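For reference, run_12.tsv (TSV, C-alpha atoms):
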chain	number	residue	atom	x	y	z
A	5	MET	CA	117.45	81.09	84.08
A	6	LYS	CA	115.49	81.86	87.27
A	7	SER	CA	111.70	81.73	87.44
A	8	VAL	CA	109.19	83.97	89.18
A	9	PHE	CA	105.43	83.73	89.70
A	10	ILE	CA	103.64	87.06	90.12
A	11	ASP	CA	100.46	86.58	92.12
A	12	GLY	CA	98.40	89.60	91.11
A	13	GLU	CA	100.18	90.41	87.88
A	14	SER	CA	97.21	92.35	86.48
A	15	GLY	CA	97.36	95.03	89.19
A	16	THR	CA	99.31	98.28	88.88
A	17	THR	CA	102.43	97.03	90.66
A	18	GLY	CA	102.17	93.56	89.11
A	19	LEU	CA	102.00	94.97	85.60
A	20	GLN	CA	105.03	97.15	86.23
A	21	VAL	CA	107.01	94.24	87.68
A	22	ARG	CA	106.05	92.13	84.69
A	23	GLU	CA	107.08	94.89	82.26
A	24	ARG	CA	110.50	95.11	83.87
A	25	LEU	CA	110.98	91.34	83.97
A	26	ALA	CA	110.02	91.07	80.28
A	27	ARG	CA	113.35	92.79	79.60
A	28	HIS	CA	115.29	90.87	82.23
A	29	PRO	CA	117.93	88.57	80.73
A	30	GLN	CA	117.99	86.07	83.60
A	31	ILE	CA	114.43	85.87	84.97
A	32	GLU	CA	111.36	84.41	83.30
A	33	VAL	CA	107.81	84.98	84.52
A	34	VAL	CA	105.57	81.97	85.03
A	35	SER	CA	101.94	83.08	84.70
A	36	ILE	CA	98.77	81.54	86.05
A	37	ASP	CA	95.81	80.88	83.78
A	38	PRO	CA	93.51	83.90	84.37
A	39	LYS	CA	90.61	81.50	84.88
A	40	LEU	CA	92.52	79.92	87.79
A	41	LYS	CA	93.92	83.04	89.42
A	42	ARG	CA	91.97	82.34	92.63
A	43	ASP	CA	92.56	78.57	92.54
A	44	VAL	CA	94.61	77.68	95.62
A	45	ASN	CA	95.77	74.35	94.23
A	46	GLU	CA	97.04	75.96	91.01
A	47	LYS	CA	98.87	78.64	93.00
A	48	ARG	CA	100.38	75.93	95.17
A	49	ARG	CA	101.58	74.07	92.09
A	50	LEU	CA	103.21	77.13	90.59
A	51	MET	CA	104.84	78.12	93.86
A	52	ARG	CA	106.45	74.68	94.06
A	53	GLU	CA	107.96	75.16	90.59
A	54	VAL	CA	109.39	78.70	90.76
A	55	ASP	CA	112.31	80.27	92.62
A	56	VAL	CA	110.33	83.20	94.08
A	57	ALA	CA	106.67	84.19	94.31
A	58	VAL	CA	105.99	87.93	94.10
A	59	LEU	CA	102.77	89.03	95.79
A	60	CYS	CA	101.08	92.08	94.23
A	61	LEU	CA	97.84	91.76	96.15
A	62	PRO	CA	95.71	93.58	98.73
A	63	ASP	CA	96.93	92.99	102.28
A	64	ALA	CA	94.43	90.29	103.26
A	65	ALA	CA	95.01	88.29	100.09
A	66	ALA	CA	98.78	88.75	100.45
A	67	LYS	CA	98.69	87.21	103.92
A	68	GLU	CA	96.89	84.16	102.54
A	69	ALA	CA	99.26	83.84	99.60
A	70	ALA	CA	102.30	84.26	101.85
A	71	ALA	CA	101.07	81.48	104.11
A	72	LEU	CA	100.60	79.25	101.05
A	73	ALA	CA	104.13	80.03	99.83
A	74	GLN	CA	105.59	79.23	103.22
A	75	GLU	CA	103.60	75.99	103.30
A	76	VAL	CA	105.26	74.76	100.10
A	77	GLY	CA	108.69	76.24	100.88
A	78	CYS	CA	108.66	78.90	98.18
A	79	ARG	CA	110.60	82.09	98.78
A	80	VAL	CA	108.35	85.14	98.69
A	81	LEU	CA	108.59	88.86	97.99
A	82	ASP	CA	105.49	90.71	99.19
A	83	ALA	CA	104.73	94.09	97.60
A	84	SER	CA	101.74	94.72	99.89
A	85	SER	CA	101.94	96.46	103.28
A	86	ALA	CA	100.98	93.29	105.16
A	87	HIS	CA	104.44	92.19	106.32
A	88	ARG	CA	106.71	95.25	106.38
A	89	THR	CA	107.16	95.19	110.14
A	90	ALA	CA	106.24	91.53	110.67
A	91	GLU	CA	108.46	89.16	112.61
A	92	GLY	CA	110.40	86.79	110.38
A	93	TRP	CA	110.31	89.12	107.37
A	94	VAL	CA	113.25	91.10	106.01
A	95	PHE	CA	112.59	94.68	104.95
A	96	GLY	CA	113.49	95.03	101.28
A	97	LEU	CA	115.44	98.28	101.29
A	98	PRO	CA	119.04	97.36	100.39
A	99	GLU	CA	120.32	100.87	101.12
A	100	LEU	CA	118.97	100.86	104.69
A	101	ASN	CA	122.31	99.90	106.22
A	102	ASP	CA	125.45	97.89	105.45
A	103	ARG	CA	123.81	94.60	106.52
A	104	GLN	CA	120.56	94.79	104.60
A	105	ARG	CA	121.74	93.43	101.25
A	106	VAL	CA	123.07	90.28	102.84
A	107	ALA	CA	119.83	89.87	104.81
A	108	ILE	CA	117.70	90.24	101.68
A	109	ALA	CA	119.89	87.87	99.66
A	110	GLY	CA	119.47	85.09	102.21
A	111	ALA	CA	115.85	85.71	103.25
A	112	GLN	CA	112.97	83.34	102.77
A	113	CYS	CA	110.47	86.20	103.08
A	114	VAL	CA	111.10	89.80	101.97
A	115	ALA	CA	108.67	92.71	102.33
A	116	ASN	CA	108.95	95.35	99.61
A	117	PRO	CA	108.88	98.87	101.11
A	118	GLY	CA	106.06	101.34	100.62
A	119	CYS	CA	106.60	104.25	98.23
A	120	TYR	CA	106.29	107.14	100.69
A	121	ALA	CA	108.13	105.12	103.32
A	122	THR	CA	111.10	104.56	101.01
A	123	GLY	CA	111.72	108.30	100.74
A	124	ALA	CA	111.16	109.00	104.43
A	125	ILE	CA	113.29	106.11	105.71
A	126	LEU	CA	116.20	106.85	103.37
A	127	MET	CA	116.29	110.36	104.84
A	128	LEU	CA	115.62	109.64	108.50
A	129	ALA	CA	117.32	106.30	109.17
A	130	PRO	CA	120.97	107.29	108.52
A	131	LEU	CA	120.59	110.60	110.36
A	132	VAL	CA	118.96	109.03	113.41
A	133	SER	CA	121.45	106.15	113.42
A	134	ALA	CA	124.37	108.61	113.35
A	135	GLY	CA	122.82	110.74	116.10
A	136	VAL	CA	122.57	113.80	113.86
A	137	LEU	CA	118.80	113.80	114.37
A	138	SER	CA	117.17	112.71	117.61
A	139	ALA	CA	115.15	109.50	117.70
A	140	ASP	CA	112.95	111.12	120.37
A	141	ASP	CA	111.65	113.99	118.26
A	142	ILE	CA	108.27	113.85	116.53
A	143	TYR	CA	108.78	114.47	112.83
A	144	ALA	CA	106.22	115.90	110.40
A	145	ILE	CA	106.33	114.33	106.95
A	146	ASN	CA	104.49	115.83	104.00
A	147	ALA	CA	104.35	114.15	100.60
A	148	VAL	CA	102.72	114.28	97.20
A	149	SER	CA	102.40	111.43	94.72
A	150	GLY	CA	101.00	110.91	91.26
A	151	TYR	CA	97.60	109.23	91.18
A	152	SER	CA	99.06	105.91	89.98
A	153	GLY	CA	100.10	105.28	93.58
A	154	GLY	CA	96.41	104.76	94.42
A	155	GLY	CA	96.01	101.70	92.20
A	156	LYS	CA	93.48	100.80	89.54
A	157	GLN	CA	90.43	102.60	90.93
A	158	LEU	CA	92.18	105.93	91.40
A	159	ILE	CA	93.88	105.65	88.00
A	160	GLU	CA	90.50	105.03	86.36
A	161	ARG	CA	88.98	107.97	88.23
A	162	TYR	CA	91.67	110.36	87.00
A	163	GLU	CA	91.97	109.00	83.48
A	164	SER	CA	88.35	108.23	82.62
A	165	GLY	CA	87.48	111.86	81.94
A	166	GLU	CA	84.08	111.26	83.51
A	167	SER	CA	84.54	113.35	86.62
A	168	GLN	CA	86.39	116.45	87.71
A	169	ASN	CA	89.29	115.65	90.02
A	170	PRO	CA	91.15	117.99	92.37
A	171	ALA	CA	94.59	119.17	91.27
A	172	VAL	CA	95.92	118.20	94.70
A	173	ALA	CA	94.09	116.45	97.53
A	174	ALA	CA	95.43	115.62	100.99
A	175	TYR	CA	94.41	112.37	102.69
A	176	GLY	CA	95.44	110.22	105.65
A	177	LEU	CA	93.88	112.90	107.81
A	178	ASP	CA	93.14	110.44	110.60
A	179	PHE	CA	96.90	110.11	111.22
A	180	GLN	CA	96.61	106.35	110.70
A	181	HIS	CA	98.13	105.94	107.25
A	182	LYS	CA	99.55	102.45	106.74
A	183	HIS	CA	103.08	103.79	106.17
A	184	VAL	CA	103.33	105.42	109.62
A	185	ARG	CA	104.34	102.29	111.51
A	186	GLU	CA	106.76	101.26	108.77
A	187	ILE	CA	108.47	104.67	108.81
A	188	GLN	CA	108.70	104.73	112.59
A	189	VAL	CA	110.16	101.24	113.01
A	190	LEU	CA	112.62	101.26	110.12
A	191	SER	CA	113.82	104.81	110.85
A	192	GLY	CA	114.45	103.98	114.50
A	193	LEU	CA	112.03	106.59	115.84
A	194	ALA	CA	110.69	106.51	119.39
A	195	HIS	CA	107.40	108.11	118.34
A	196	ALA	CA	105.12	107.81	115.36
A	197	PRO	CA	105.69	110.61	112.86
A	198	ILE	CA	102.95	112.93	111.67
A	199	PHE	CA	102.46	111.87	108.07
A	200	ILE	CA	100.12	113.68	105.67
A	201	PRO	CA	100.29	112.55	102.04
A	202	SER	CA	98.59	114.11	99.03
A	203	VAL	CA	97.65	112.90	95.56
A	204	GLY	CA	98.20	115.14	92.55
A	205	ASP	CA	96.58	115.29	89.13
A	206	TYR	CA	99.51	113.70	87.30
A	207	ARG	CA	100.34	110.04	86.75
A	208	GLN	CA	103.57	109.34	88.60
A	209	GLY	CA	106.40	110.90	90.54
A	210	MET	CA	106.73	111.67	94.25
A	211	LEU	CA	108.18	114.18	96.69
A	212	VAL	CA	108.55	113.35	100.39
A	213	SER	CA	109.58	116.29	102.59
A	214	ILE	CA	110.53	116.64	106.25
A	215	PRO	CA	111.02	120.13	107.76
A	216	LEU	CA	113.61	120.60	110.50
A	217	GLN	CA	113.47	123.30	113.17
A	218	GLU	CA	116.15	124.80	115.38
A	219	VAL	CA	119.05	123.37	113.41
A	220	SER	CA	122.42	125.09	113.21
A	221	GLY	CA	124.68	125.68	110.26
A	222	ARG	CA	127.04	123.07	111.67
A	223	GLN	CA	124.20	120.56	111.94
A	224	LEU	CA	123.24	121.17	108.32
A	225	ASP	CA	126.82	120.34	107.37
A	226	ARG	CA	126.60	117.15	109.42
A	227	LEU	CA	123.35	116.19	107.73
A	228	GLN	CA	124.91	116.53	104.28
A	229	ASP	CA	128.10	114.74	105.37
A	230	THR	CA	126.09	111.84	106.82
A	231	PHE	CA	124.10	111.44	103.62
A	232	GLU	CA	127.34	111.51	101.63
A	233	ALA	CA	128.90	108.81	103.80
A	234	SER	CA	125.76	106.67	103.67
A	235	TYR	CA	125.07	106.83	99.95
A	236	ARG	CA	128.33	107.59	98.14
A	237	ALA	CA	128.62	103.97	96.97
A	238	GLU	CA	124.94	103.52	96.11
A	239	ASP	CA	123.79	103.32	92.51
A	240	PHE	CA	120.16	104.19	93.15
A	241	VAL	CA	120.31	106.82	95.91
A	242	LYS	CA	121.72	110.07	94.59
A	243	LEU	CA	122.59	112.90	96.98
A	244	GLN	CA	122.03	116.30	95.39
A	245	ALA	CA	124.08	119.43	96.05
A	246	PHE	CA	123.06	121.46	99.10
A	247	ASN	CA	120.32	124.03	98.39
A	248	LYS	CA	120.21	123.13	94.70
A	249	VAL	CA	117.37	122.18	92.35
A	250	ASP	CA	117.41	121.27	88.68
A	251	PRO	CA	118.04	124.47	86.66
A	252	ASP	CA	115.31	123.38	84.25
A	253	THR	CA	112.68	123.59	87.01
A	254	ALA	CA	114.19	126.27	89.29
A	255	PRO	CA	113.05	127.79	91.53
A	256	PHE	CA	110.71	124.79	91.87
A	257	LEU	CA	111.49	121.25	92.96
A	258	THR	CA	109.03	119.05	91.09
A	259	PRO	CA	108.16	115.35	91.45
A	260	HIS	CA	108.84	114.81	87.75
A	261	GLY	CA	111.86	113.55	85.86
A	262	LEU	CA	112.45	110.10	87.38
A	263	ASP	CA	109.57	108.25	85.69
A	264	GLY	CA	110.55	104.63	85.04
A	265	SER	CA	113.68	104.99	87.14
A	266	ASN	CA	114.78	103.10	90.24
A	267	GLU	CA	116.60	106.16	91.59
A	268	VAL	CA	115.89	108.29	94.64
A	269	HIS	CA	117.27	111.83	94.76
A	270	ILE	CA	117.95	113.21	98.24
A	271	HIS	CA	117.92	116.99	98.71
A	272	LEU	CA	118.87	119.10	101.71
A	273	PHE	CA	117.87	122.75	101.94
A	274	GLY	CA	118.75	125.24	104.68
A	275	SER	CA	117.79	128.81	105.50
A	276	GLU	CA	120.38	131.55	105.14
A	277	ASP	CA	120.77	131.89	108.92
A	278	GLY	CA	121.01	128.11	109.31
A	279	SER	CA	118.05	127.90	111.69
A	280	ARG	CA	115.72	125.92	109.42
A	281	GLY	CA	116.21	122.90	107.23
A	282	LEU	CA	114.26	120.76	104.82
A	283	LEU	CA	114.86	117.18	103.72
A	284	VAL	CA	113.29	116.09	100.43
A	285	ALA	CA	113.31	112.74	98.64
A	286	LYS	CA	112.26	112.59	95.00
A	287	LEU	CA	111.39	109.25	93.38
A	288	ASP	CA	109.05	107.46	91.02
A	289	ASN	CA	106.27	105.95	93.13
A	290	LEU	CA	106.03	103.11	90.57
A	291	GLY	CA	109.83	102.70	90.33
A	292	LYS	CA	111.94	102.74	93.48
A	293	GLY	CA	108.61	103.22	95.27
A	294	ALA	CA	107.22	99.88	94.09
A	295	SER	CA	108.11	97.78	91.05
A	296	GLY	CA	111.67	98.90	90.47
A	297	ALA	CA	112.44	98.12	94.09
A	298	ALA	CA	110.75	94.72	93.73
A	299	VAL	CA	113.00	93.76	90.81
A	300	GLN	CA	116.05	95.04	92.70
A	301	ASN	CA	115.08	92.79	95.62
A	302	LEU	CA	114.44	89.84	93.29
A	303	ASN	CA	117.92	90.24	91.86
A	304	LEU	CA	119.43	90.12	95.35
A	305	MET	CA	117.33	87.13	96.37
A	306	LEU	CA	118.36	85.24	93.24
A	307	GLY	CA	122.05	86.12	93.38
A	308	LEU	CA	121.92	88.30	90.24
A	309	ASP	CA	123.30	91.71	89.36
A	310	GLU	CA	121.25	94.11	91.44
A	311	SER	CA	120.69	96.56	88.58
A	312	LEU	CA	119.24	94.13	86.02
A	313	GLY	CA	115.77	95.11	84.80
A	314	VAL	CA	115.07	97.75	87.46
A	315	ASP	CA	114.45	100.61	85.00
A	316	ILE	CA	112.02	100.97	82.12
A	317	ARG	CA	113.20	104.36	80.86
Final C-alpha cells representation of the file:
Amino acid sequence: MKSVFIDGESGTTGLQVRERLARHPQIEVVSIDPKLKRDVNEKRRLMREVDVAVLCLPDAAAKEAAALAQEVGCRVLDASSAHRTAEGWVFGLPELNDRQRVAIAGAQCVANPGCYATGAILMLAPLVSAGVLSADDIYAINAVSGYSGGGKQLIERYESGESQNPAVAAYGLDFQHKHVREIQVLSGLAHAPIFIPSVGDYRQGMLVSIPLQEVSGRQLDRLQDTFEASYRAEDFVKLQAFNKVDPDTAPFLTPHGLDGSNEVHIHLFGSEDGSRGLLVAKLDNLGKGASGAAVQNLNLMLGLDESLGVDIR
C-alpha cells in the first residue's frame, strides 16, 4: 500500500482528490490534524513518512510547501499553477507525447496541468508538433467552465442563493490569465495565445474551443488524422467523429455529460467549403481538469495502474 499526504485537502481540488483516493485499492491518505494544518514541523514529519505529497494550495503556499517537500526528499505533485512551466518540474499530462509518461513516472516533482490548459494543449500540441498548424500563428482560445473551477468562494457565491449571478460571465479580460504561459510553452507556440475564459451558472463541465481560419479541406483531413494517430491508444482522450455532436444534445455541443470522468473528448468541425475549422475539447474541470488528472499522475508516480481511482462516476 502506498501513502499520500494531501496538503490542502479541504479545498475543492483536495476534496475531489480525497474522494477518488477513498476508493483507490492501493493508496491510503495520511491526513494532518486540522489544528496543525499550518504547522511546518508537522507537515515536515508527514512528508518524511509518505510516498508523495499532493499540494492543493494557492500558488504562494504551494511554493512554500514544495520547498519543504524537497528539503525532506519527498516526491511532490503540485495541483496549483505555481510550477507548471518551472525548471526541474515535469508537466503532468501523460498524453502530451510518447515520452511524458516515463518522465512523470520517474519525476521527483510533477506539476498537475490547469483545466483550461489541458483542453487547449491536447488540441494544439500534436498539431503544432506535426506541422499541421503553424507554431508562429497567434491562436484565439475561448472557453466556458462550470463555477466549481473558481474554488470555494465562487462556489459559495453561486450556491448560497443570496445573490443573483450571471448565466455566463467572461473574465481574464486583461489577457494575463495564468493559463496563457502554460498553454504557450507546452503547445510549442512562438506567441502567447489570446485566451478568454468564461464561467457559467452550472457546477461543472468545460468546453475549450479554438477557431481556425483559411484552412483547406485537405488540412481538415490532416487535423483529424493527426488526432487519430496521437490518441488512438489513449484511454482518456477520445476523438469524436468529424462534424458530429451527441444526438441527445444536437445541434448543440454542451459542456455536460463528463461529470466525474477523467476523459477529454476532442471534436473537429469544418465548414462545408472547408475554409473554416473549429477545435473543441470537452472535459470535466474537476476531473481531467484537476483531481482526476492528479490521481492519474499519482498512479504513474507510484508505479500503479494508471486508471485506478481516476473516476467518481
>> Given only C-alpha atoms as the basis, pick out the residue of A:Leu308, A:Leu283, A:Leu19, A:Leu126 nearest to A:Pro98.
In response: A:Leu126
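Residue nearest A:Ala139, chosen from A:Leu224, A:Ala196, A:Met51, A:Val241 and counting only C-alpha atoms: A:Ala196.
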>> As an exercise, work out the distance from atom CA of A:Lys39 to atom CA of A:Gly154 in Å and give it to one decimal place.
In response: 25.8 Å
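Among the candidate residues A:Tyr206, A:Phe240, A:Tyr235, A:Phe246, the one lying nearest to A:Ala297 is A:Phe240, with distances computed using only C-alpha atoms.
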> Excluding same-chain residues fewer than 2 positions from stretch 254-268 of chain A, what lies within 9 Å of it counting all atoms listed in the file, as a PyMOL selection string?
Replying inline: chain A and resi 122-123+126+148-150+208-211+239-243+248-252+270+285-293+295-297+300+311+314-317
> Mind pulling up the distance from atom CA of A:Ala144 to atom CA of A:Ala294?
Replying inline: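 Value for the atom CA of A:Ala294-atom CA of A:Ala144 distance: 22.9 Å.
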>> Quick check, in Å to one decimal: how far apart do atom CA of A:Asp82 and atom CA of A:Glu68 lie?
In response: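 Computed distance, atom CA of A:Asp82 to atom CA of A:Glu68, equals 11.3 Å.
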>> Could you check the closest approach to A:Ala57 for each of A:Met5, A:Ala73, A:Leu282, A:Ala173 and tell me which residue wins, using only C-alpha atoms?
In response: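 Distance minimum relative to A:Ala57 lands on A:Ala73.
Neighbours of A:Asp11 closer than or equal to 9 Å, with all atoms listed in the file counted and sequence neighbours fewer than 2 positions away skipped, come out as Phe9, Glu13, Ser14, Gly18, Ser35, Ile36, Lys41, Lys47, Ala57, Val58, Leu59, Cys60, Leu61, Ala66 and Ala69 of chain A.
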>> Between A:Asn247, A:Gln168, A:Gln104, A:Ser7, which residue has the minimum interatomic distance to A:Glu53, considering only C-alpha atoms?
In response: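 Under the stated criterion, the closest residue is A:Ser7.
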Would you kindly return, as a short mmCIF file (atom, residue, chain, number, x, y, z; two decimals) with C-alpha atoms, keeping the file's coordinate frame, each protein, DNA or RNA residue with an atom no farther than 12 Å from any atom of A:Arg105, considering all atoms listed in the file and excluding same-chain residues fewer than 5 positions away?
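Written file, out-v2.cif:
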data_model
loop_
_atom_site.label_atom_id
_atom_site.label_comp_id
_atom_site.auth_asym_id
_atom_site.auth_seq_id
_atom_site.Cartn_x
_atom_site.Cartn_y
_atom_site.Cartn_z
CA VAL A 94 113.25 91.10 106.01
CA PHE A 95 112.59 94.68 104.95
CA GLY A 96 113.49 95.03 101.28
CA LEU A 97 115.44 98.28 101.29
CA PRO A 98 119.04 97.36 100.39
CA GLU A 99 120.32 100.87 101.12
CA LEU A 100 118.97 100.86 104.69
CA GLY A 110 119.47 85.09 102.21
CA ALA A 111 115.85 85.71 103.25
CA VAL A 114 111.10 89.80 101.97
CA GLU A 238 124.94 103.52 96.11
CA GLN A 300 116.05 95.04 92.70
CA ASN A 301 115.08 92.79 95.62
CA LEU A 302 114.44 89.84 93.29
CA ASN A 303 117.92 90.24 91.86
CA LEU A 304 119.43 90.12 95.35
CA MET A 305 117.33 87.13 96.37
CA LEU A 306 118.36 85.24 93.24
CA GLY A 307 122.05 86.12 93.38
CA GLU A 310 121.25 94.11 91.44
#
